[in-house]
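This is entry_7.csv (CSV, C-alpha atoms).
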```csv
chain,number,residue,atom,x,y,z
A,89,MET,CA,-14.6,-10.9,8.5
A,90,THR,CA,-12.2,-13.4,7.0
A,91,ALA,CA,-8.7,-12.3,6.3
A,92,PHE,CA,-9.0,-12.5,2.6
A,93,ALA,CA,-12.1,-10.2,2.6
A,94,ARG,CA,-10.1,-7.3,3.9
A,95,GLY,CA,-9.2,-4.4,1.5
A,96,ASP,CA,-5.5,-5.0,2.0
A,97,ALA,CA,-5.7,-8.8,1.5
A,98,TYR,CA,-2.4,-10.1,0.1
A,99,HIS,CA,-2.6,-11.8,-3.3
A,100,THR,CA,-0.7,-12.3,-6.5
A,101,ASP,CA,-1.5,-11.2,-10.1
A,102,THR,CA,-0.8,-12.9,-13.4
A,103,ASP,CA,2.7,-12.9,-15.1
A,104,GLU,CA,6.0,-12.6,-13.3
A,105,ILE,CA,6.7,-8.9,-13.2
A,106,VAL,CA,4.0,-6.5,-12.0
A,107,GLY,CA,4.2,-2.7,-12.0
A,108,LEU,CA,2.0,0.0,-10.6
A,109,MET,CA,2.3,3.6,-11.8
A,110,CYS,CA,0.5,6.4,-9.9
A,111,VAL,CA,-1.4,8.9,-12.0
A,112,GLU,CA,-3.2,10.3,-9.0
A,113,ARG,CA,-3.3,9.2,-5.4
A,114,ALA,CA,-6.4,9.2,-3.2
A,115,GLU,CA,-7.2,12.0,-0.8
A,116,THR,CA,-6.4,9.6,2.1
A,117,GLY,CA,-5.1,6.1,2.2
A,118,GLY,CA,-4.6,3.7,-0.6
A,119,GLU,CA,-1.0,2.7,0.3
A,120,SER,CA,0.4,-0.3,-1.6
A,121,VAL,CA,1.8,-3.1,0.6
A,122,ILE,CA,4.3,-5.8,-0.5
A,123,THR,CA,5.5,-8.8,1.5
A,124,SER,CA,7.9,-11.7,0.8
A,125,ALA,CA,6.2,-15.0,0.0
A,126,LEU,CA,9.5,-16.8,0.4
A,127,ALA,CA,9.9,-15.4,4.0
A,128,LEU,CA,6.4,-16.5,4.6
A,129,HIS,CA,7.1,-20.0,3.3
A,130,ASN,CA,10.2,-20.2,5.5
A,131,ASP,CA,8.0,-19.2,8.5
A,132,PHE,CA,5.8,-22.2,7.8
A,133,VAL,CA,8.8,-24.5,7.5
A,134,ALA,CA,10.2,-23.3,10.8
A,135,HIS,CA,6.9,-23.1,12.8
A,136,HIS,CA,4.1,-25.0,11.1
A,137,PRO,CA,5.5,-27.5,8.6
A,138,GLU,CA,2.4,-29.7,9.1
A,139,LEU,CA,0.3,-27.0,7.3
A,140,LEU,CA,2.4,-26.7,4.2
A,141,ASP,CA,0.9,-29.8,2.5
A,142,ALA,CA,-2.5,-28.0,2.5
A,143,LEU,CA,-1.0,-25.0,0.7
A,144,TYR,CA,0.9,-27.2,-1.8
A,145,GLU,CA,-2.3,-29.0,-2.5
A,146,GLY,CA,-4.4,-25.9,-2.6
A,147,TYR,CA,-8.0,-25.8,-3.8
A,148,TYR,CA,-10.1,-25.2,-6.9
A,149,GLN,CA,-10.4,-21.5,-8.0
A,150,ALA,CA,-13.3,-19.7,-9.5
A,151,ILE,CA,-12.0,-17.1,-12.0
A,152,ALA,CA,-13.3,-14.3,-14.2
A,153,GLN,CA,-16.4,-13.3,-12.1
A,154,ASP,CA,-16.8,-17.1,-11.3
A,155,GLU,CA,-17.6,-18.0,-14.9
A,156,VAL,CA,-14.7,-20.4,-15.1
A,157,MET,CA,-13.4,-22.8,-12.5
A,158,THR,CA,-10.0,-24.6,-12.5
A,159,ALA,CA,-10.4,-28.2,-13.6
A,160,GLU,CA,-8.2,-29.4,-10.7
A,161,LYS,CA,-7.0,-28.1,-7.4
A,162,SER,CA,-4.5,-25.2,-7.7
A,163,PRO,CA,-1.6,-24.9,-5.2
A,164,VAL,CA,-0.7,-21.7,-3.4
A,165,PHE,CA,3.0,-22.7,-3.2
A,166,GLY,CA,4.9,-24.5,-5.9
A,167,TYR,CA,8.4,-25.9,-6.1
A,168,VAL,CA,10.1,-26.3,-9.5
A,169,ASP,CA,13.8,-26.4,-10.3
A,170,GLY,CA,14.7,-26.0,-6.7
A,171,ARG,CA,12.8,-22.7,-6.4
A,172,VAL,CA,9.6,-21.9,-4.4
A,173,SER,CA,7.0,-19.8,-6.1
A,174,VAL,CA,3.6,-18.5,-5.1
A,175,TYR,CA,0.1,-18.0,-6.6
A,176,CYS,CA,-2.3,-16.6,-4.0
A,177,GLN,CA,-5.9,-15.9,-4.7
A,178,PHE,CA,-7.8,-17.0,-1.5
A,179,ARG,CA,-11.0,-15.2,-2.6
A,180,ALA,CA,-11.1,-17.3,-5.8
A,181,MET,CA,-10.7,-20.4,-3.7
A,182,ALA,CA,-13.4,-19.4,-1.3
A,183,LEU,CA,-15.8,-18.7,-4.2
A,184,ALA,CA,-15.0,-22.1,-5.7
A,185,ALA,CA,-15.8,-23.8,-2.4
A,186,GLN,CA,-19.1,-21.9,-2.2
A,187,LYS,CA,-20.0,-22.9,-5.7
A,188,ARG,CA,-19.1,-26.5,-5.1
A,189,GLY,CA,-21.0,-26.6,-1.8
A,190,GLU,CA,-17.9,-27.6,0.1
A,191,GLU,CA,-15.8,-26.3,3.0
A,192,PHE,CA,-12.0,-26.0,3.2
A,193,SER,CA,-10.3,-28.8,5.1
A,194,ASP,CA,-9.3,-28.0,8.7
A,195,ASP,CA,-5.7,-27.9,7.7
A,196,LEU,CA,-6.3,-25.5,4.8
A,197,LYS,CA,-8.4,-23.2,7.1
A,198,ALA,CA,-5.6,-23.2,9.7
A,199,ALA,CA,-2.9,-22.6,6.9
A,200,ILE,CA,-4.8,-19.6,5.5
A,201,ASP,CA,-5.3,-18.1,9.0
A,202,TYR,CA,-1.6,-18.5,9.8
A,203,PHE,CA,-0.7,-17.2,6.3
A,204,TYR,CA,-2.4,-13.9,7.0
A,205,GLU,CA,-1.3,-13.7,10.6
A,206,ARG,CA,2.3,-13.8,9.5
A,207,ALA,CA,2.1,-12.0,6.1
A,208,GLY,CA,2.6,-8.6,7.7
A,209,ALA,CA,5.8,-9.6,9.5
A,210,ASN,CA,7.9,-8.6,6.5
A,211,GLU,CA,5.6,-6.0,5.0
A,212,ALA,CA,6.8,-2.9,3.2
A,213,GLU,CA,4.3,0.0,2.7
A,214,PHE,CA,4.4,2.5,-0.2
A,215,LEU,CA,2.3,5.5,-0.8
A,216,LEU,CA,2.9,6.3,-4.5
A,217,GLU,CA,2.7,9.9,-5.6
A,218,PRO,CA,1.8,10.9,-9.2
A,219,GLY,CA,4.6,9.8,-11.6
A,220,GLU,CA,6.0,7.2,-9.2
A,221,MET,CA,6.2,3.5,-10.1
A,222,LEU,CA,6.5,0.3,-8.1
A,223,LEU,CA,7.8,-3.0,-9.6
A,224,TRP,CA,8.0,-6.4,-8.0
A,225,ASN,CA,8.3,-10.1,-8.8
A,226,ASN,CA,4.9,-11.7,-8.7
A,227,ARG,CA,6.4,-15.2,-8.2
A,228,THR,CA,8.0,-14.4,-4.9
A,229,GLN,CA,6.1,-11.4,-3.6
A,230,LEU,CA,2.5,-10.8,-2.4
A,231,HIS,CA,0.9,-7.4,-2.6
A,232,GLY,CA,-2.3,-5.6,-1.5
A,233,ARG,CA,-3.5,-2.1,-0.6
A,234,ARG,CA,-4.9,-0.2,2.2
A,235,GLY,CA,-8.4,1.2,2.1
A,236,PHE,CA,-8.7,4.7,0.7
A,237,GLU,CA,-11.1,7.7,0.3
A,238,ASN,CA,-11.3,9.9,-2.7
A,239,SER,CA,-12.4,13.6,-2.8
A,240,GLU,CA,-13.9,15.7,-5.4
A,241,THR,CA,-10.5,17.0,-6.5
A,242,ARG,CA,-8.4,13.9,-6.0
A,243,LYS,CA,-9.4,10.4,-7.2
A,244,ARG,CA,-7.0,7.5,-7.0
A,245,LEU,CA,-5.8,6.2,-10.4
A,246,LEU,CA,-3.0,3.7,-10.8
A,247,LEU,CA,-2.0,2.0,-14.0
A,248,ARG,CA,-1.0,-1.7,-13.9
A,249,LEU,CA,1.6,-3.4,-16.0
A,250,TRP,CA,2.4,-7.1,-16.4
A,251,LEU,CA,5.7,-8.2,-17.9
A,252,LYS,CA,7.1,-11.6,-18.9
A,253,PRO,CA,10.9,-11.8,-18.6
A,254,ASP,CA,13.1,-13.7,-21.0
A,255,ASN,CA,14.2,-16.1,-18.3
A,256,PRO,CA,11.2,-16.6,-16.1
A,257,ILE,CA,10.9,-18.5,-12.8
A,258,ARG,CA,9.2,-21.8,-13.8
A,259,ILE,CA,5.9,-22.5,-12.0
A,260,PRO,CA,3.8,-25.7,-11.6
A,261,PRO,CA,1.5,-26.5,-14.5
A,262,ASN,CA,-1.5,-26.5,-12.2
A,263,PHE,CA,-1.1,-23.0,-11.0
A,264,ALA,CA,-4.4,-21.2,-11.6
A,265,GLU,CA,-2.4,-18.4,-13.2
A,266,PHE,CA,-2.3,-20.4,-16.4
A,267,THR,CA,-6.1,-20.4,-16.5
A,268,LYS,CA,-6.1,-16.6,-15.9
A,269,GLN,CA,-3.5,-16.1,-18.7
A,270,ARG,CA,-5.7,-18.1,-21.1
A,271,LEU,CA,-8.8,-16.0,-20.3
A,272,ARG,CA,-6.9,-12.8,-20.6
A,273,HIS,CA,-5.5,-13.9,-24.0
A,274,GLU,CA,-9.0,-14.7,-25.2
A,275,ASP,CA,-10.3,-11.4,-24.0
A,276,ASN,CA,-7.5,-9.5,-25.7
A,277,LYS,CA,-8.1,-11.5,-28.9
A,278,ARG,CA,-11.9,-10.6,-28.9
A,279,PHE,CA,-11.0,-6.9,-28.2
A,280,ILE,CA,-8.6,-6.8,-31.2
A,281,GLU,CA,-11.0,-8.6,-33.5
A,282,GLY,CA,-13.8,-6.3,-32.4
A,283,SER,CA,-11.6,-3.2,-33.1
A,284,ARG,CA,-10.8,-4.5,-36.6
A,285,ALA,CA,-14.5,-5.1,-37.3
A,286,ALA,CA,-15.4,-1.6,-36.3
```
Can the structure from this file be put into structure tokens for me?
Amino acid sequence: MTAFARGDAYHTDTDEIVGLMCVERAETGGESVITSALALHNDFVAHHPELLDALYEGYYQAIAQDEVMTAEKSPVFGYVDGRVSVYCQFRAMALAAQKRGEEFSDDLKAAIDYFYERAGANEAEFLLEPGEMLLWNNRTQLHGRRGFENSETRKRLLLRLWLKPDNPIRIPPNFAEFTKQRLRHEDNKRFIEGSRAA
């Protein structure tokens, strides 16, 4: 099993601030995990700088149930205004490679393997109880979750929130996040128009 096929695979969402609010937790498991993408980037600088180019180049990404693919390669790490940022969706990259009939370069494979090997080094784990909320910066933090099991009386339900701050961290124009934002905006517009028509 590849690292990004695991249930707790680290990734980022869209928009800068992400929140999770627990309505009900699972009977067992379902912990949220957060790790610093900046610490991970520094780990590459210190120990495997030769692999960073592959992450700054990235790969194409298949988005929205693979119906849309980025027009160009989308980086994992970006550097704008002297600040490192991250957009991590290795599953979308793997799906794009499959659809294109290609394989990742050896450097990208090695970078992804090291990325997940080291991602847990600065990990923090949270088991949210009903009414509790967790907020983090999506530009500098990665998140995931552990596997979980529901029961007849307790079924995991978390509400997600995305926020755009007034003074956001600038990210590269070829981050795949912009494609996801456009698709979400189009979905929201269709929903609103459909509601008005009803």
Each range 116-200 of chain A residue no farther than 12 Å from range 204-209 of chain A, nearest pair in Å, all atoms listed in the file, as CSV:
```
residue,atom,partner,partner_atom,distance
A:Val121,CA,A:Gly208,CA,9.0
A:Ile122,CA,A:Gly208,CA,8.8
A:Thr123,CA,A:Ala207,CA,6.6
A:Ser124,CA,A:Ala207,CA,7.9
A:Ala125,CA,A:Ala207,CA,7.9
A:Leu126,CA,A:Ala207,CA,10.5
A:Ala127,CA,A:Ala207,CA,8.8
A:Leu128,CA,A:Ala207,CA,6.4
A:His129,CA,A:Ala207,CA,9.8
A:Asn130,CA,A:Arg206,CA,10.9
A:Asp131,CA,A:Arg206,CA,7.9
A:Phe132,CA,A:Arg206,CA,9.3
A:His135,CA,A:Arg206,CA,10.9
A:His136,CA,A:Arg206,CA,11.5
A:Cys176,CA,A:Tyr204,CA,11.3
A:Phe178,CA,A:Tyr204,CA,10.5
A:Lys197,CA,A:Tyr204,CA,11.1
A:Ala198,CA,A:Tyr204,CA,10.2
A:Ala199,CA,A:Tyr204,CA,8.7
A:Ile200,CA,A:Tyr204,CA,6.4
```
>> Ranking A:Glu217, A:Arg171, A:Tyr202, A:Ala184 by minimum distance to Pro137 in chain A and counting only C-alpha atoms, which one comes first?
In response: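 Among the listed residues, A:Tyr202 lies closest to Pro137 in chain A.
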> Quick one: of A:Trp224, A:Phe263, A:Phe203, A:Phe214, who's nearest to Pro163 in chain A, counting only C-alpha atoms?
Replying inline: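 With only C-alpha atoms as the atom set, the closest residue is A:Phe263.
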>> With 9 Å as the threshold, what does the neighbourhood of (-12.0, -27.1, -11.9) contain in terms of residues, counting only C-alpha atoms? Coordinates are those of the file; answer as number ranges by chain.
In response: A: 148-150, 156-162, 184
Create the file for the chosen residues now, containing C-alpha atoms and written as an mmCIF file, in the frame of the given file.
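And here is the file that came out, part-v9.cif:
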```cif
data_model
loop_
_atom_site.group_PDB
_atom_site.id
_atom_site.type_symbol
_atom_site.label_atom_id
_atom_site.label_comp_id
_atom_site.auth_asym_id
_atom_site.auth_seq_id
_atom_site.Cartn_x
_atom_site.Cartn_y
_atom_site.Cartn_z
ATOM 1 C CA TYR A 148 -10.100 -25.200 -6.900
ATOM 2 C CA GLN A 149 -10.400 -21.500 -8.000
ATOM 3 C CA ALA A 150 -13.300 -19.700 -9.500
ATOM 4 C CA VAL A 156 -14.700 -20.400 -15.100
ATOM 5 C CA MET A 157 -13.400 -22.800 -12.500
ATOM 6 C CA THR A 158 -10.000 -24.600 -12.500
ATOM 7 C CA ALA A 159 -10.400 -28.200 -13.600
ATOM 8 C CA GLU A 160 -8.200 -29.400 -10.700
ATOM 9 C CA LYS A 161 -7.000 -28.100 -7.400
ATOM 10 C CA SER A 162 -4.500 -25.200 -7.700
ATOM 11 C CA ALA A 184 -15.000 -22.100 -5.700
#
```
>> I'd like to know which of A:Asp141, A:Gly282, A:Arg113, A:Pro253 is closest to Thr241 in chain A, using only C-alpha atoms.
In response: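 Comparing A:Asp141, A:Gly282, A:Arg113, A:Pro253 against Thr241 in chain A, the winner is A:Arg113.
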> Smallest atom-to-atom distance to Thr116 in chain A: which of A:Arg227, A:His99, A:Lys187, A:Arg244, using all atoms listed in the file?
Replying inline: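 Using all atoms listed in the file, the shortest distance to Thr116 in chain A belongs to A:Arg244.
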>> I need the residue nearest Gly117 in chain A from this list: A:Asn238, A:Asn225, A:Thr267, A:Ser193. Use all atoms listed in the file for the distance.
In response: A:Asn238
>> So, with only C-alpha atoms as the atoms that count, which of A:Asn262, A:Ser120, A:Gln229, A:Ser239 lies closest to Asp101 in chain A?
In response: A:Gln229
> Mind pulling up the distance from CA of Glu213 in chain A to CA of Asn255 in chain A?
Replying inline: 28.3 Å
>> Using Å and a single decimal, report how far CA of Leu108 in chain A sits from CA of Leu222 in chain A.
In response: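 Value for the CA of Leu222 in chain A-CA of Leu108 in chain A distance: 5.2 Å.
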> Once you count only C-alpha atoms, which residues end up no further than 6 Å from (-1.3, -17.7, -11.1) in the file's frame, shown as a list in words?
Replying inline: Thr102, Tyr175, Phe263, Ala264 and Glu265 of chain A
>> Need the shell around Glu112 in chain A: protein/DNA/RNA residues with any atom at most 9 Å away, counting all atoms listed in the file. Skip same-chain ones fewer than 6 positions apart. Format as number ranges by chain?
In response: A: 216-219, 242-246
> In Å, how far is it from CA of Gly146 in chain A to CA of Trp250 in chain A?
Replying inline: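 So the two atoms, CA of Gly146 in chain A and CA of Trp250 in chain A, lie 24.3 Å apart.
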Please write range 167-179 of chain A of the preceding block to a file containing all heavy atoms, as a JSON list (two decimals), in the first residue's frame?
```json
[["chain", "number", "residue", "atom", "x", "y", "z"],
["A", 167, "TYR", "N", 7.13, 29.00, -3.06],
["A", 167, "TYR", "CA", 7.92, 30.02, -2.37],
["A", 167, "TYR", "C", 7.58, 31.37, -2.98],
["A", 167, "TYR", "O", 7.96, 31.67, -4.11],
["A", 167, "TYR", "CB", 9.41, 29.71, -2.51],
["A", 167, "TYR", "CG", 10.30, 30.58, -1.66],
["A", 167, "TYR", "CD1", 10.44, 30.35, -0.30],
["A", 167, "TYR", "CD2", 11.01, 31.64, -2.24],
["A", 167, "TYR", "CE1", 11.27, 31.15, 0.48],
["A", 167, "TYR", "CE2", 11.83, 32.44, -1.47],
["A", 167, "TYR", "CZ", 11.96, 32.18, -0.11],
["A", 167, "TYR", "OH", 12.77, 32.98, 0.67],
["A", 168, "VAL", "N", 6.83, 32.18, -2.24],
["A", 168, "VAL", "CA", 6.40, 33.50, -2.71],
["A", 168, "VAL", "C", 6.60, 34.49, -1.56],
["A", 168, "VAL", "O", 6.26, 34.20, -0.41],
["A", 168, "VAL", "CB", 4.91, 33.48, -3.13],
["A", 168, "VAL", "CG1", 4.47, 34.88, -3.59],
["A", 168, "VAL", "CG2", 4.66, 32.47, -4.24],
["A", 169, "ASP", "N", 7.13, 35.66, -1.88],
["A", 169, "ASP", "CA", 7.36, 36.72, -0.87],
["A", 169, "ASP", "C", 8.22, 36.23, 0.29],
["A", 169, "ASP", "O", 8.01, 36.62, 1.45],
["A", 169, "ASP", "CB", 6.03, 37.25, -0.32],
["A", 169, "ASP", "CG", 5.18, 37.94, -1.39],
["A", 169, "ASP", "OD1", 5.76, 38.38, -2.40],
["A", 169, "ASP", "OD2", 3.95, 38.00, -1.22],
["A", 170, "GLY", "N", 9.15, 35.34, 0.01],
["A", 170, "GLY", "CA", 10.04, 34.85, 1.06],
["A", 170, "GLY", "C", 9.40, 33.85, 2.00],
["A", 170, "GLY", "O", 9.96, 33.57, 3.07],
["A", 171, "ARG", "N", 8.24, 33.30, 1.63],
["A", 171, "ARG", "CA", 7.54, 32.36, 2.51],
["A", 171, "ARG", "C", 7.27, 31.05, 1.78],
["A", 171, "ARG", "O", 6.85, 31.05, 0.62],
["A", 171, "ARG", "CB", 6.21, 32.95, 2.99],
["A", 171, "ARG", "CG", 6.36, 34.24, 3.76],
["A", 171, "ARG", "CD", 5.05, 34.72, 4.33],
["A", 171, "ARG", "NE", 4.61, 33.89, 5.46],
["A", 171, "ARG", "CZ", 3.59, 34.20, 6.25],
["A", 171, "ARG", "NH1", 2.89, 35.29, 6.03],
["A", 171, "ARG", "NH2", 3.26, 33.42, 7.26],
["A", 172, "VAL", "N", 7.49, 29.96, 2.47],
["A", 172, "VAL", "CA", 7.18, 28.63, 1.94],
["A", 172, "VAL", "C", 5.71, 28.33, 2.21],
["A", 172, "VAL", "O", 5.18, 28.64, 3.27],
["A", 172, "VAL", "CB", 8.06, 27.54, 2.61],
["A", 172, "VAL", "CG1", 7.62, 26.14, 2.18],
["A", 172, "VAL", "CG2", 9.53, 27.77, 2.28],
["A", 173, "SER", "N", 5.06, 27.75, 1.22],
["A", 173, "SER", "CA", 3.67, 27.30, 1.38],
["A", 173, "SER", "C", 3.56, 25.89, 0.82],
["A", 173, "SER", "O", 4.47, 25.40, 0.14],
["A", 173, "SER", "CB", 2.70, 28.25, 0.67],
["A", 173, "SER", "OG", 3.06, 28.39, -0.70],
["A", 174, "VAL", "N", 2.44, 25.24, 1.09],
["A", 174, "VAL", "CA", 2.27, 23.85, 0.67],
["A", 174, "VAL", "C", 0.87, 23.63, 0.12],
["A", 174, "VAL", "O", -0.10, 24.25, 0.58],
["A", 174, "VAL", "CB", 2.54, 22.88, 1.86],
["A", 174, "VAL", "CG1", 1.50, 23.05, 2.95],
["A", 174, "VAL", "CG2", 2.60, 21.44, 1.39],
["A", 175, "TYR", "N", 0.79, 22.78, -0.91],
["A", 175, "TYR", "CA", -0.49, 22.24, -1.35],
["A", 175, "TYR", "C", -0.23, 20.77, -1.67],
["A", 175, "TYR", "O", 0.49, 20.44, -2.61],
["A", 175, "TYR", "CB", -1.06, 22.95, -2.58],
["A", 175, "TYR", "CG", -2.39, 22.39, -2.98],
["A", 175, "TYR", "CD1", -3.55, 22.77, -2.31],
["A", 175, "TYR", "CD2", -2.50, 21.41, -3.97],
["A", 175, "TYR", "CE1", -4.78, 22.23, -2.65],
["A", 175, "TYR", "CE2", -3.72, 20.87, -4.31],
["A", 175, "TYR", "CZ", -4.86, 21.28, -3.65],
["A", 175, "TYR", "OH", -6.08, 20.72, -3.96],
["A", 176, "CYS", "N", -0.78, 19.89, -0.88],
["A", 176, "CYS", "CA", -0.43, 18.47, -0.95],
["A", 176, "CYS", "C", -1.66, 17.61, -1.19],
["A", 176, "CYS", "O", -2.53, 17.50, -0.33],
["A", 176, "CYS", "CB", 0.25, 18.06, 0.37],
["A", 176, "CYS", "SG", 0.65, 16.30, 0.44],
["A", 177, "GLN", "N", -1.71, 17.03, -2.40],
["A", 177, "GLN", "CA", -2.77, 16.09, -2.77],
["A", 177, "GLN", "C", -2.14, 14.98, -3.61],
["A", 177, "GLN", "O", -2.32, 14.92, -4.83],
["A", 177, "GLN", "CB", -3.88, 16.80, -3.54],
["A", 177, "GLN", "CG", -4.76, 17.70, -2.70],
["A", 177, "GLN", "CD", -5.74, 16.93, -1.84],
["A", 177, "GLN", "OE1", -5.99, 15.74, -2.05],
["A", 177, "GLN", "NE2", -6.32, 17.61, -0.86],
["A", 178, "PHE", "N", -1.37, 14.10, -2.97],
["A", 178, "PHE", "CA", -0.65, 13.07, -3.71],
["A", 178, "PHE", "C", -1.60, 12.08, -4.39],
["A", 178, "PHE", "O", -1.27, 11.53, -5.44],
["A", 178, "PHE", "CB", 0.31, 12.32, -2.79],
["A", 178, "PHE", "CG", 1.51, 13.13, -2.39],
["A", 178, "PHE", "CD1", 1.93, 13.17, -1.07],
["A", 178, "PHE", "CD2", 2.22, 13.86, -3.32],
["A", 178, "PHE", "CE1", 3.04, 13.92, -0.69],
["A", 178, "PHE", "CE2", 3.33, 14.62, -2.96],
["A", 178, "PHE", "CZ", 3.73, 14.64, -1.64],
["A", 179, "ARG", "N", -2.78, 11.86, -3.83],
["A", 179, "ARG", "CA", -3.74, 10.97, -4.48],
["A", 179, "ARG", "C", -4.17, 11.52, -5.83],
["A", 179, "ARG", "O", -4.31, 10.79, -6.80],
["A", 179, "ARG", "CB", -4.96, 10.76, -3.58],
["A", 179, "ARG", "CG", -4.68, 9.92, -2.35],
["A", 179, "ARG", "CD", -5.92, 9.81, -1.50],
["A", 179, "ARG", "NE", -5.67, 9.05, -0.29],
["A", 179, "ARG", "CZ", -6.50, 8.99, 0.73],
["A", 179, "ARG", "NH1", -7.65, 9.67, 0.70],
["A", 179, "ARG", "NH2", -6.23, 8.27, 1.79]]
```
